Structures are given as C-alpha cells and as structure tokens.
file protein-v1.cif (mmCIF, N, CA and C atoms)
data_data
#
loop_
_atom_site.label_atom_id
_atom_site.label_comp_id
_atom_site.auth_asym_id
_atom_site.auth_seq_id
_atom_site.Cartn_x
_atom_site.Cartn_y
_atom_site.Cartn_z
N MET A 21 49.34 -44.03 19.02
CA MET A 21 47.97 -43.63 18.85
C MET A 21 47.82 -42.13 19.05
N MET A 22 46.98 -41.59 18.19
CA MET A 22 46.70 -40.17 18.29
C MET A 22 45.45 -39.92 19.11
N ASN A 23 45.52 -38.91 19.91
CA ASN A 23 44.35 -38.55 20.70
C ASN A 23 43.58 -37.47 19.94
N ARG A 24 42.42 -37.79 19.54
CA ARG A 24 41.60 -36.81 18.81
C ARG A 24 40.62 -36.15 19.77
N THR A 25 40.64 -34.84 19.72
CA THR A 25 39.67 -34.11 20.55
C THR A 25 38.69 -33.41 19.64
N ARG A 26 37.53 -33.36 20.06
CA ARG A 26 36.47 -32.74 19.27
C ARG A 26 36.27 -31.30 19.74
N LYS A 27 36.33 -30.39 18.80
CA LYS A 27 36.12 -28.99 19.14
C LYS A 27 34.69 -28.61 18.78
N THR A 28 34.00 -28.00 19.72
CA THR A 28 32.66 -27.53 19.45
C THR A 28 32.57 -26.06 19.82
N ALA A 29 31.81 -25.37 19.06
CA ALA A 29 31.62 -23.95 19.33
C ALA A 29 30.60 -23.80 20.45
N VAL A 30 30.86 -22.87 21.30
CA VAL A 30 29.93 -22.59 22.38
C VAL A 30 29.16 -21.33 22.01
N VAL A 31 27.87 -21.46 21.98
CA VAL A 31 27.02 -20.33 21.66
C VAL A 31 26.21 -19.99 22.89
N SER A 32 26.34 -18.75 23.32
CA SER A 32 25.54 -18.35 24.47
C SER A 32 24.41 -17.43 23.98
N ILE A 33 23.29 -17.61 24.58
CA ILE A 33 22.14 -16.80 24.23
C ILE A 33 21.83 -15.91 25.42
N ASP A 34 21.88 -14.62 25.18
CA ASP A 34 21.61 -13.66 26.23
C ASP A 34 20.11 -13.40 26.25
N LYS A 35 19.47 -13.93 27.29
CA LYS A 35 18.02 -13.77 27.39
C LYS A 35 17.63 -12.56 28.22
N SER A 36 18.60 -11.79 28.65
CA SER A 36 18.27 -10.64 29.49
C SER A 36 17.72 -9.47 28.68
N GLU A 37 18.03 -9.40 27.38
CA GLU A 37 17.52 -8.30 26.54
C GLU A 37 16.21 -8.70 25.90
N PRO A 38 15.22 -7.80 25.94
CA PRO A 38 13.95 -8.12 25.27
C PRO A 38 14.13 -8.10 23.76
N PRO A 39 13.28 -8.81 23.04
CA PRO A 39 13.37 -8.78 21.58
C PRO A 39 13.15 -7.35 21.08
N ALA A 40 13.73 -7.07 19.93
CA ALA A 40 13.62 -5.73 19.34
C ALA A 40 12.14 -5.39 19.11
N LYS A 41 11.77 -4.19 19.48
CA LYS A 41 10.39 -3.74 19.30
C LYS A 41 10.21 -3.30 17.85
N THR A 42 9.18 -3.80 17.22
CA THR A 42 8.89 -3.37 15.86
C THR A 42 7.52 -2.70 15.86
N ASP A 43 7.47 -1.53 15.30
CA ASP A 43 6.21 -0.80 15.20
C ASP A 43 5.51 -1.22 13.92
N TYR A 44 4.24 -1.47 14.06
CA TYR A 44 3.44 -1.85 12.89
C TYR A 44 3.12 -0.59 12.10
N ARG A 45 3.49 -0.58 10.85
CA ARG A 45 3.21 0.53 9.94
C ARG A 45 2.53 -0.04 8.71
N PRO A 46 1.21 0.14 8.58
CA PRO A 46 0.51 -0.40 7.42
C PRO A 46 1.11 0.12 6.11
N THR A 47 1.18 -0.77 5.13
CA THR A 47 1.71 -0.40 3.83
C THR A 47 0.58 0.16 2.96
N VAL A 48 0.81 1.35 2.42
CA VAL A 48 -0.14 2.00 1.53
C VAL A 48 0.55 2.19 0.18
N LEU A 49 -0.04 1.63 -0.85
CA LEU A 49 0.49 1.75 -2.21
C LEU A 49 -0.25 2.88 -2.92
N ILE A 50 0.49 3.88 -3.36
CA ILE A 50 -0.08 5.05 -4.01
C ILE A 50 0.32 5.03 -5.49
N VAL A 51 -0.69 5.14 -6.36
CA VAL A 51 -0.43 5.04 -7.80
C VAL A 51 -1.00 6.25 -8.52
N ASP A 52 -0.12 6.95 -9.22
CA ASP A 52 -0.54 8.08 -10.06
C ASP A 52 0.52 8.27 -11.12
N ASP A 53 0.11 8.46 -12.37
CA ASP A 53 1.08 8.66 -13.44
C ASP A 53 1.72 10.04 -13.37
N GLU A 54 1.16 10.94 -12.58
CA GLU A 54 1.81 12.22 -12.32
C GLU A 54 2.69 12.01 -11.09
N SER A 55 4.00 11.84 -11.33
CA SER A 55 4.91 11.47 -10.25
C SER A 55 4.90 12.45 -9.09
N VAL A 56 4.69 13.74 -9.37
CA VAL A 56 4.68 14.72 -8.28
C VAL A 56 3.51 14.44 -7.32
N ILE A 57 2.38 13.99 -7.84
CA ILE A 57 1.24 13.66 -6.99
C ILE A 57 1.53 12.40 -6.19
N ALA A 58 1.99 11.34 -6.86
CA ALA A 58 2.29 10.09 -6.16
C ALA A 58 3.35 10.30 -5.09
N ASP A 59 4.41 11.02 -5.43
CA ASP A 59 5.50 11.25 -4.48
C ASP A 59 5.07 12.13 -3.31
N THR A 60 4.24 13.13 -3.59
CA THR A 60 3.77 14.01 -2.51
C THR A 60 2.86 13.25 -1.55
N LEU A 61 1.93 12.47 -2.07
CA LEU A 61 1.05 11.69 -1.20
C LEU A 61 1.84 10.66 -0.41
N THR A 62 2.86 10.07 -1.04
CA THR A 62 3.72 9.12 -0.35
C THR A 62 4.42 9.79 0.83
N GLU A 63 4.93 10.98 0.60
CA GLU A 63 5.62 11.74 1.65
C GLU A 63 4.66 12.09 2.79
N ILE A 64 3.47 12.54 2.46
CA ILE A 64 2.47 12.91 3.48
C ILE A 64 2.13 11.69 4.34
N LEU A 65 1.86 10.57 3.70
CA LEU A 65 1.50 9.37 4.45
C LEU A 65 2.68 8.83 5.26
N SER A 66 3.88 8.89 4.70
CA SER A 66 5.07 8.44 5.42
C SER A 66 5.28 9.26 6.69
N ARG A 67 5.12 10.56 6.57
CA ARG A 67 5.29 11.45 7.73
C ARG A 67 4.17 11.27 8.76
N SER A 68 3.09 10.64 8.34
CA SER A 68 1.97 10.41 9.25
C SER A 68 2.00 9.00 9.84
N GLY A 69 3.09 8.28 9.61
CA GLY A 69 3.27 6.98 10.26
C GLY A 69 2.97 5.77 9.44
N TYR A 70 2.70 5.94 8.16
CA TYR A 70 2.42 4.80 7.29
C TYR A 70 3.65 4.44 6.47
N ASN A 71 3.72 3.19 6.05
CA ASN A 71 4.76 2.74 5.14
C ASN A 71 4.21 2.94 3.74
N ALA A 72 4.44 4.11 3.18
CA ALA A 72 3.86 4.47 1.88
C ALA A 72 4.87 4.21 0.77
N VAL A 73 4.35 3.66 -0.34
CA VAL A 73 5.17 3.32 -1.50
C VAL A 73 4.48 3.87 -2.74
N ALA A 74 5.24 4.50 -3.63
CA ALA A 74 4.67 5.08 -4.85
C ALA A 74 4.92 4.18 -6.06
N ALA A 75 3.96 4.18 -6.97
CA ALA A 75 4.11 3.55 -8.29
C ALA A 75 3.46 4.51 -9.28
N TYR A 76 3.86 4.39 -10.55
CA TYR A 76 3.44 5.39 -11.53
C TYR A 76 2.60 4.83 -12.67
N ASP A 77 2.31 3.54 -12.63
CA ASP A 77 1.40 2.91 -13.59
C ASP A 77 0.91 1.60 -13.00
N GLY A 78 -0.09 1.01 -13.66
CA GLY A 78 -0.69 -0.21 -13.14
C GLY A 78 0.26 -1.39 -13.06
N ALA A 79 1.05 -1.59 -14.11
CA ALA A 79 1.99 -2.72 -14.12
C ALA A 79 3.02 -2.58 -13.01
N GLY A 80 3.56 -1.38 -12.84
CA GLY A 80 4.53 -1.14 -11.77
C GLY A 80 3.91 -1.33 -10.40
N ALA A 81 2.65 -0.93 -10.26
CA ALA A 81 1.94 -1.08 -8.98
C ALA A 81 1.74 -2.56 -8.65
N LEU A 82 1.36 -3.35 -9.64
CA LEU A 82 1.19 -4.80 -9.40
C LEU A 82 2.51 -5.44 -8.97
N GLU A 83 3.57 -5.07 -9.66
CA GLU A 83 4.90 -5.59 -9.33
C GLU A 83 5.27 -5.22 -7.89
N THR A 84 5.05 -3.97 -7.53
CA THR A 84 5.35 -3.49 -6.19
C THR A 84 4.51 -4.23 -5.15
N ALA A 85 3.22 -4.42 -5.44
CA ALA A 85 2.32 -5.10 -4.50
C ALA A 85 2.74 -6.55 -4.27
N LEU A 86 3.22 -7.21 -5.30
CA LEU A 86 3.65 -8.59 -5.13
C LEU A 86 4.90 -8.69 -4.26
N LEU A 87 5.75 -7.66 -4.30
CA LEU A 87 6.95 -7.64 -3.46
C LEU A 87 6.64 -7.22 -2.02
N LYS A 88 5.70 -6.31 -1.87
CA LYS A 88 5.33 -5.79 -0.55
C LYS A 88 3.81 -5.62 -0.53
N PRO A 89 3.08 -6.64 -0.09
CA PRO A 89 1.61 -6.57 -0.11
C PRO A 89 1.06 -5.37 0.66
N PRO A 90 0.20 -4.59 0.02
CA PRO A 90 -0.35 -3.41 0.69
C PRO A 90 -1.59 -3.73 1.50
N GLU A 91 -1.79 -2.95 2.56
CA GLU A 91 -3.05 -3.00 3.30
C GLU A 91 -4.05 -2.05 2.65
N MET A 92 -3.52 -1.07 1.91
CA MET A 92 -4.39 -0.11 1.22
C MET A 92 -3.79 0.28 -0.12
N LEU A 93 -4.68 0.42 -1.11
CA LEU A 93 -4.31 0.92 -2.43
C LEU A 93 -5.02 2.25 -2.64
N ILE A 94 -4.25 3.28 -2.98
CA ILE A 94 -4.82 4.57 -3.35
C ILE A 94 -4.34 4.82 -4.77
N THR A 95 -5.29 4.87 -5.72
CA THR A 95 -4.88 4.98 -7.11
C THR A 95 -5.74 5.97 -7.90
N ASP A 96 -5.06 6.66 -8.80
CA ASP A 96 -5.75 7.48 -9.79
C ASP A 96 -6.50 6.52 -10.70
N VAL A 97 -7.63 6.95 -11.23
CA VAL A 97 -8.38 6.09 -12.14
C VAL A 97 -7.75 6.10 -13.53
N VAL A 98 -7.34 7.26 -14.00
CA VAL A 98 -6.78 7.37 -15.35
C VAL A 98 -5.27 7.15 -15.28
N LEU A 99 -4.85 5.98 -15.77
CA LEU A 99 -3.44 5.60 -15.81
C LEU A 99 -3.11 5.10 -17.21
N PRO A 100 -1.85 5.17 -17.61
CA PRO A 100 -1.48 4.59 -18.91
C PRO A 100 -1.58 3.06 -18.84
N GLY A 101 -2.05 2.45 -19.91
CA GLY A 101 -2.20 0.99 -19.90
C GLY A 101 -3.42 0.60 -19.09
N MET A 102 -3.20 -0.11 -18.03
CA MET A 102 -4.27 -0.55 -17.14
C MET A 102 -4.79 0.63 -16.33
N ASN A 103 -6.11 0.86 -16.33
CA ASN A 103 -6.63 1.98 -15.54
C ASN A 103 -6.71 1.60 -14.06
N GLY A 104 -6.96 2.58 -13.23
CA GLY A 104 -6.95 2.36 -11.78
C GLY A 104 -8.02 1.41 -11.28
N ILE A 105 -9.16 1.37 -11.97
CA ILE A 105 -10.22 0.44 -11.56
C ILE A 105 -9.80 -0.99 -11.87
N GLU A 106 -9.22 -1.20 -13.06
CA GLU A 106 -8.71 -2.55 -13.40
C GLU A 106 -7.62 -2.96 -12.41
N LEU A 107 -6.75 -2.02 -12.05
CA LEU A 107 -5.70 -2.30 -11.07
C LEU A 107 -6.32 -2.68 -9.73
N ALA A 108 -7.31 -1.92 -9.28
CA ALA A 108 -7.96 -2.20 -8.00
C ALA A 108 -8.59 -3.59 -7.98
N ILE A 109 -9.22 -3.97 -9.09
CA ILE A 109 -9.84 -5.29 -9.19
C ILE A 109 -8.77 -6.38 -9.09
N GLN A 110 -7.66 -6.19 -9.79
CA GLN A 110 -6.56 -7.18 -9.73
C GLN A 110 -5.98 -7.29 -8.32
N ILE A 111 -5.74 -6.14 -7.69
CA ILE A 111 -5.17 -6.14 -6.33
C ILE A 111 -6.14 -6.84 -5.37
N LYS A 112 -7.44 -6.57 -5.50
CA LYS A 112 -8.44 -7.21 -4.64
C LYS A 112 -8.47 -8.72 -4.84
N ARG A 113 -8.26 -9.18 -6.07
CA ARG A 113 -8.23 -10.63 -6.33
C ARG A 113 -7.04 -11.27 -5.62
N ILE A 114 -5.90 -10.59 -5.65
CA ILE A 114 -4.68 -11.14 -5.04
C ILE A 114 -4.68 -10.94 -3.53
N PHE A 115 -5.12 -9.76 -3.08
CA PHE A 115 -5.12 -9.39 -1.66
C PHE A 115 -6.53 -8.96 -1.26
N PRO A 116 -7.41 -9.91 -0.96
CA PRO A 116 -8.82 -9.59 -0.71
C PRO A 116 -9.06 -8.60 0.45
N ASP A 117 -8.15 -8.52 1.40
CA ASP A 117 -8.34 -7.62 2.55
C ASP A 117 -7.82 -6.21 2.30
N CYS A 118 -7.22 -5.98 1.14
CA CYS A 118 -6.67 -4.67 0.83
C CYS A 118 -7.79 -3.65 0.66
N LYS A 119 -7.71 -2.55 1.38
CA LYS A 119 -8.66 -1.45 1.24
C LYS A 119 -8.31 -0.67 -0.02
N THR A 120 -9.30 -0.03 -0.64
CA THR A 120 -9.06 0.68 -1.89
C THR A 120 -9.72 2.05 -1.89
N LEU A 121 -8.97 3.02 -2.37
CA LEU A 121 -9.49 4.37 -2.57
C LEU A 121 -9.09 4.81 -3.97
N LEU A 122 -10.06 5.19 -4.77
CA LEU A 122 -9.81 5.71 -6.11
C LEU A 122 -9.95 7.22 -6.08
N PHE A 123 -9.15 7.90 -6.89
CA PHE A 123 -9.34 9.34 -7.04
C PHE A 123 -9.12 9.72 -8.49
N SER A 124 -9.81 10.79 -8.89
CA SER A 124 -9.71 11.21 -10.28
C SER A 124 -10.13 12.66 -10.42
N GLY A 125 -9.56 13.30 -11.42
CA GLY A 125 -9.93 14.67 -11.72
C GLY A 125 -10.82 14.74 -12.96
N GLN A 126 -11.21 13.59 -13.49
CA GLN A 126 -12.00 13.56 -14.72
C GLN A 126 -13.40 13.02 -14.46
N ALA A 127 -14.39 13.71 -14.95
CA ALA A 127 -15.78 13.31 -14.74
C ALA A 127 -16.11 11.98 -15.43
N SER A 128 -15.39 11.65 -16.50
CA SER A 128 -15.68 10.43 -17.26
C SER A 128 -15.43 9.16 -16.46
N THR A 129 -14.73 9.26 -15.35
CA THR A 129 -14.43 8.07 -14.56
C THR A 129 -15.66 7.51 -13.87
N THR A 130 -16.71 8.30 -13.72
CA THR A 130 -17.92 7.78 -13.06
C THR A 130 -18.54 6.65 -13.88
N ASP A 131 -18.41 6.70 -15.20
CA ASP A 131 -18.92 5.61 -16.05
C ASP A 131 -18.12 4.33 -15.80
N LEU A 132 -16.80 4.46 -15.69
CA LEU A 132 -15.96 3.29 -15.40
C LEU A 132 -16.31 2.71 -14.04
N LEU A 133 -16.54 3.58 -13.07
CA LEU A 133 -16.88 3.14 -11.72
C LEU A 133 -18.24 2.45 -11.71
N ALA A 134 -19.19 2.98 -12.47
CA ALA A 134 -20.53 2.36 -12.55
C ALA A 134 -20.42 0.95 -13.13
N SER A 135 -19.58 0.77 -14.14
CA SER A 135 -19.38 -0.56 -14.74
C SER A 135 -18.78 -1.52 -13.73
N ALA A 136 -17.82 -1.04 -12.96
CA ALA A 136 -17.21 -1.88 -11.93
C ALA A 136 -18.23 -2.25 -10.85
N ASN A 137 -19.06 -1.29 -10.46
CA ASN A 137 -20.10 -1.56 -9.46
C ASN A 137 -21.08 -2.63 -9.95
N GLN A 138 -21.46 -2.54 -11.24
CA GLN A 138 -22.38 -3.54 -11.81
C GLN A 138 -21.75 -4.92 -11.81
N ALA A 139 -20.41 -4.98 -11.91
CA ALA A 139 -19.71 -6.26 -11.91
C ALA A 139 -19.43 -6.75 -10.48
N GLY A 140 -19.93 -6.00 -9.48
CA GLY A 140 -19.77 -6.44 -8.09
C GLY A 140 -18.56 -5.87 -7.37
N HIS A 141 -17.88 -4.92 -7.97
CA HIS A 141 -16.71 -4.29 -7.35
C HIS A 141 -17.11 -2.90 -6.86
N HIS A 142 -17.04 -2.70 -5.56
CA HIS A 142 -17.46 -1.43 -4.98
C HIS A 142 -16.26 -0.69 -4.41
N PHE A 143 -15.98 0.47 -4.96
CA PHE A 143 -14.84 1.28 -4.55
C PHE A 143 -15.30 2.70 -4.22
N THR A 144 -14.56 3.34 -3.33
CA THR A 144 -14.81 4.73 -3.01
C THR A 144 -14.02 5.59 -3.97
N LEU A 145 -14.67 6.66 -4.49
CA LEU A 145 -14.02 7.56 -5.43
C LEU A 145 -14.02 8.97 -4.85
N LEU A 146 -12.84 9.56 -4.75
CA LEU A 146 -12.68 10.96 -4.33
C LEU A 146 -12.29 11.77 -5.55
N SER A 147 -12.74 13.02 -5.61
CA SER A 147 -12.38 13.90 -6.72
C SER A 147 -11.08 14.61 -6.43
N LYS A 148 -10.25 14.73 -7.48
CA LYS A 148 -9.01 15.52 -7.36
C LYS A 148 -9.37 16.99 -7.42
N PRO A 149 -8.69 17.84 -6.78
CA PRO A 149 -7.58 17.53 -5.87
C PRO A 149 -8.12 17.04 -4.52
N VAL A 150 -7.38 16.13 -3.90
CA VAL A 150 -7.73 15.59 -2.59
C VAL A 150 -6.91 16.34 -1.56
N HIS A 151 -7.58 16.96 -0.62
CA HIS A 151 -6.86 17.68 0.44
C HIS A 151 -6.19 16.65 1.34
N PRO A 152 -4.94 16.88 1.73
CA PRO A 152 -4.23 15.92 2.57
C PRO A 152 -4.98 15.54 3.85
N LYS A 153 -5.67 16.49 4.47
CA LYS A 153 -6.43 16.17 5.69
C LYS A 153 -7.55 15.18 5.39
N ASP A 154 -8.22 15.35 4.26
CA ASP A 154 -9.29 14.43 3.88
C ASP A 154 -8.73 13.04 3.59
N LEU A 155 -7.62 13.00 2.90
CA LEU A 155 -6.98 11.73 2.58
C LEU A 155 -6.56 11.01 3.86
N LEU A 156 -5.89 11.72 4.76
CA LEU A 156 -5.44 11.12 6.01
C LEU A 156 -6.62 10.63 6.84
N ALA A 157 -7.71 11.39 6.86
CA ALA A 157 -8.90 10.97 7.61
C ALA A 157 -9.45 9.67 7.03
N TRP A 158 -9.52 9.58 5.71
CA TRP A 158 -10.04 8.38 5.07
C TRP A 158 -9.13 7.18 5.35
N VAL A 159 -7.83 7.39 5.25
CA VAL A 159 -6.88 6.29 5.48
C VAL A 159 -6.97 5.83 6.94
N SER A 160 -6.99 6.77 7.87
CA SER A 160 -7.02 6.38 9.28
C SER A 160 -8.33 5.68 9.65
N GLN A 161 -9.43 6.04 9.01
CA GLN A 161 -10.69 5.34 9.26
C GLN A 161 -10.65 3.92 8.71
N SER A 162 -9.93 3.74 7.63
CA SER A 162 -9.91 2.44 6.95
C SER A 162 -8.90 1.46 7.54
N LEU A 163 -7.84 2.00 8.12
CA LEU A 163 -6.77 1.16 8.66
C LEU A 163 -6.67 1.32 10.17
N LYS A 164 -5.97 0.39 10.78
CA LYS A 164 -5.73 0.46 12.23
C LYS A 164 -4.95 1.73 12.55
N PRO A 165 -5.16 2.30 13.73
CA PRO A 165 -4.36 3.45 14.12
C PRO A 165 -2.87 3.09 14.14
N VAL A 166 -2.05 4.04 13.76
CA VAL A 166 -0.61 3.82 13.69
C VAL A 166 0.04 4.56 14.84
N SER A 167 0.93 3.88 15.59
CA SER A 167 1.68 4.57 16.62
C SER A 167 3.01 4.99 16.03
N VAL A 168 3.33 6.25 16.22
CA VAL A 168 4.54 6.81 15.60
C VAL A 168 5.63 6.94 16.62
#

call {"tool": "encode", "arguments": {"input": "protein-v1.cif", "output": "structure tokens"}}
result
Amino acid sequence: MMNRTRKTAVVSIDKSEPPAKTDYRPTVLIVDDESVIADTLTEILSRSGYNAVAAYDGAGALETALLKPPEMLITDVVLPGMNGIELAIQIKRIFPDCKTLLFSGQASTTDLLASANQAGHHFTLLSKPVHPKDLLAWVSQSLKPVSV
C-alpha cells in the first residue's frame, strides 16, 4: 500500500501593514480639437491634483469617458463632427452627476447654448481664452477639494 500525503500551500496574511493609501483625484475630461489647448489644460489640471485626460473630438471623448468615467467635462463648443453641446448632453445622459463646463471663442455658440437651454440642458459657458486661474477656480468650486 502506498501512503498518500496531501500537500497544501500555506498562505500567511500579514495584517500588520495598513492597506495602501489611495488619494482621490477626480477625473476631468478635457476636449478641444486644438490639441495644444487640450494638452495644456490637461497639464495644468494634472499639476493641480486632478486626474485630467485629453480628447480631441466628440467621438474620442465619448470613448474615453466610457473607459474612465469623468466627474467633470470641460469641452470646446466647436468640435469636428459632434459639437461640444451635443457631447455634453450625451455625457450627462450616461453620467448624470458629471459636472460640465463649455468654452468657446466664437460668438455663434450662444445660439447653440440657447437651444440647449430651451431643451432643458443648462451648461456654463466661458469665453476663450480661459485664464488658468479662472479655470482652476471653477473646477475647484464644482468638485471636491483634492489633496495633493
């Protein structure tokens, strides 16, 4: 007769170390077809403690949002394909708690914004150029304070 012994792995759990601390960094999705603007705003927000992500058109922004849901959307109104107001409406449908800030350098966007307001969509619109201090103030008022 053969003596069979059962081998089992021993796993020890060290409970003396606290769980890894994770800092909450709200995700801000920045959309502008001028990549230098989107990338610059992303850099400014990242250095200020936010998890900022850039996209360069509406379709790319939607794709990005589905992969990493944003707490805030900052988008230019004039974009190729889907405009920023249409994008904001779509993002709000998918992520109702997402804050939204629109910006534009074109006066014609006020008509688009008025149409959105009549349809029950209310967004804040800032005129380009947006000073980084003004942008950061608006973001910090809209989102929880970030510890860096």

call {"tool": "closest_residue", "arguments": {"input": "protein-v1.cif", "among": "A:Val51, A:Leu163, A:Cys118, A:Leu155", "to": "A:Val97", "atoms": "all atoms listed in the file"}}
result
A:Val51

call {"tool": "atom_distance", "arguments": {"input": "protein-v1.cif", "atom1": "atom C of A:Leu65", "atom2": "atom CA of A:Glu83"}}
result
20.6 Å

call {"tool": "resolve_selection", "arguments": {"input": "protein-v1.cif", "expression": "the PyMOL selection byres (((chain A and resi 85 and name CA) around 10) and name CA)", "output": "VMD selection string"}}
result
chain A and resid 47 to 49 73 75 79 to 84 86 to 91 93 111 114 to 115

call {"tool": "atom_distance", "arguments": {"input": "protein-v1.cif", "atom1": "atom CA of A:Ile105", "atom2": "atom CA of A:Ser147"}}
result
14.5 Å

call {"tool": "resolve_selection", "arguments": {"input": "protein-v1.cif", "expression": "the PyMOL selection byres (((chain A and resi 57 and name CA) around 12) and name CA)", "output": "VMD selection string"}}
result
chain A and resid 50 to 56 58 to 64 74 to 76 94 to 96 123 to 124 148 to 152

call {"tool": "select_by_dssp", "arguments": {"input": "protein-v1.cif", "residues": "stretch 33-125 of chain A", "states": "helix (DSSP H, G or I)", "output": "CSV table (one decimal) with N, CA and C atoms, keeping the file's coordinate frame"}}
result
chain,number,residue,atom,x,y,z
A,55,SER,N,4.0,11.8,-11.3
A,55,SER,CA,4.9,11.5,-10.2
A,55,SER,C,4.9,12.4,-9.1
A,56,VAL,N,4.7,13.7,-9.4
A,56,VAL,CA,4.7,14.7,-8.3
A,56,VAL,C,3.5,14.4,-7.3
A,57,ILE,N,2.4,14.0,-7.8
A,57,ILE,CA,1.2,13.7,-7.0
A,57,ILE,C,1.5,12.4,-6.2
A,58,ALA,N,2.0,11.3,-6.9
A,58,ALA,CA,2.3,10.1,-6.2
A,58,ALA,C,3.4,10.3,-5.1
A,59,ASP,N,4.4,11.0,-5.4
A,59,ASP,CA,5.5,11.2,-4.5
A,59,ASP,C,5.1,12.1,-3.3
A,60,THR,N,4.2,13.1,-3.6
A,60,THR,CA,3.8,14.0,-2.5
A,60,THR,C,2.9,13.2,-1.6
A,61,LEU,N,1.9,12.5,-2.1
A,61,LEU,CA,1.0,11.7,-1.2
A,61,LEU,C,1.8,10.7,-0.4
A,62,THR,N,2.9,10.1,-1.0
A,62,THR,CA,3.7,9.1,-0.4
A,62,THR,C,4.4,9.8,0.8
A,63,GLU,N,4.9,11.0,0.6
A,63,GLU,CA,5.6,11.7,1.6
A,63,GLU,C,4.7,12.1,2.8
A,64,ILE,N,3.5,12.5,2.5
A,64,ILE,CA,2.5,12.9,3.5
A,64,ILE,C,2.1,11.7,4.3
A,65,LEU,N,1.9,10.6,3.7
A,65,LEU,CA,1.5,9.4,4.4
A,65,LEU,C,2.7,8.8,5.3
A,66,SER,N,3.9,8.9,4.7
A,66,SER,CA,5.1,8.4,5.4
A,66,SER,C,5.3,9.3,6.7
A,67,ARG,N,5.1,10.6,6.6
A,67,ARG,CA,5.3,11.4,7.7
A,67,ARG,C,4.2,11.3,8.8
A,78,GLY,N,-0.1,1.0,-13.7
A,78,GLY,CA,-0.7,-0.2,-13.1
A,78,GLY,C,0.3,-1.4,-13.1
A,79,ALA,N,1.0,-1.6,-14.1
A,79,ALA,CA,2.0,-2.7,-14.1
A,79,ALA,C,3.0,-2.6,-13.0
A,80,GLY,N,3.6,-1.4,-12.8
A,80,GLY,CA,4.5,-1.1,-11.8
A,80,GLY,C,3.9,-1.3,-10.4
A,81,ALA,N,2.6,-0.9,-10.3
A,81,ALA,CA,1.9,-1.1,-9.0
A,81,ALA,C,1.7,-2.6,-8.6
A,82,LEU,N,1.4,-3.4,-9.6
A,82,LEU,CA,1.2,-4.8,-9.4
A,82,LEU,C,2.5,-5.4,-9.0
A,83,GLU,N,3.6,-5.1,-9.7
A,83,GLU,CA,4.9,-5.6,-9.3
A,83,GLU,C,5.3,-5.2,-7.9
A,84,THR,N,5.0,-4.0,-7.5
A,84,THR,CA,5.4,-3.5,-6.2
A,84,THR,C,4.5,-4.2,-5.2
A,85,ALA,N,3.2,-4.4,-5.4
A,85,ALA,CA,2.3,-5.1,-4.5
A,85,ALA,C,2.7,-6.6,-4.3
A,86,LEU,N,3.2,-7.2,-5.3
A,86,LEU,CA,3.6,-8.6,-5.1
A,86,LEU,C,4.9,-8.7,-4.3
A,87,LEU,N,5.8,-7.7,-4.3
A,87,LEU,CA,7.0,-7.6,-3.5
A,87,LEU,C,6.6,-7.2,-2.0
A,104,GLY,N,-7.0,2.6,-13.2
A,104,GLY,CA,-7.0,2.4,-11.8
A,104,GLY,C,-8.0,1.4,-11.3
A,105,ILE,N,-9.2,1.4,-12.0
A,105,ILE,CA,-10.2,0.4,-11.6
A,105,ILE,C,-9.8,-1.0,-11.9
A,106,GLU,N,-9.2,-1.2,-13.1
A,106,GLU,CA,-8.7,-2.6,-13.4
A,106,GLU,C,-7.6,-3.0,-12.4
A,107,LEU,N,-6.8,-2.0,-12.0
A,107,LEU,CA,-5.7,-2.3,-11.1
A,107,LEU,C,-6.3,-2.7,-9.7
A,108,ALA,N,-7.3,-1.9,-9.3
A,108,ALA,CA,-8.0,-2.2,-8.0
A,108,ALA,C,-8.6,-3.6,-8.0
A,109,ILE,N,-9.2,-4.0,-9.1
A,109,ILE,CA,-9.8,-5.3,-9.2
A,109,ILE,C,-8.8,-6.4,-9.1
A,110,GLN,N,-7.7,-6.2,-9.8
A,110,GLN,CA,-6.6,-7.2,-9.7
A,110,GLN,C,-6.0,-7.3,-8.3
A,111,ILE,N,-5.7,-6.1,-7.7
A,111,ILE,CA,-5.2,-6.1,-6.3
A,111,ILE,C,-6.1,-6.8,-5.4
A,112,LYS,N,-7.4,-6.6,-5.5
A,112,LYS,CA,-8.4,-7.2,-4.6
A,112,LYS,C,-8.5,-8.7,-4.8
A,113,ARG,N,-8.3,-9.2,-6.1
A,113,ARG,CA,-8.2,-10.6,-6.3
A,113,ARG,C,-7.0,-11.3,-5.6
A,114,ILE,N,-5.9,-10.6,-5.6
A,114,ILE,CA,-4.7,-11.1,-5.0
A,114,ILE,C,-4.7,-10.9,-3.5

call {"tool": "atom_distance", "arguments": {"input": "protein-v1.cif", "atom1": "atom CA of A:Ile109", "atom2": "atom CA of A:Lys153"}}
result
26.3 Å

call {"tool": "closest_residue", "arguments": {"input": "protein-v1.cif", "among": "A:Leu107, A:Asp154, A:Ser162, A:Leu99", "to": "A:Lys119", "atoms": "only N, CA and C atoms"}}
result
A:Ser162

call {"tool": "residues_near_point", "arguments": {"input": "protein-v1.cif", "point": "(3.4, 0.4, 10.0)", "cutoff": "6.5 Å", "atoms": "only N, CA and C atoms", "output": "ChimeraX atom specification"}}
result
/A:43-47,69-71,166
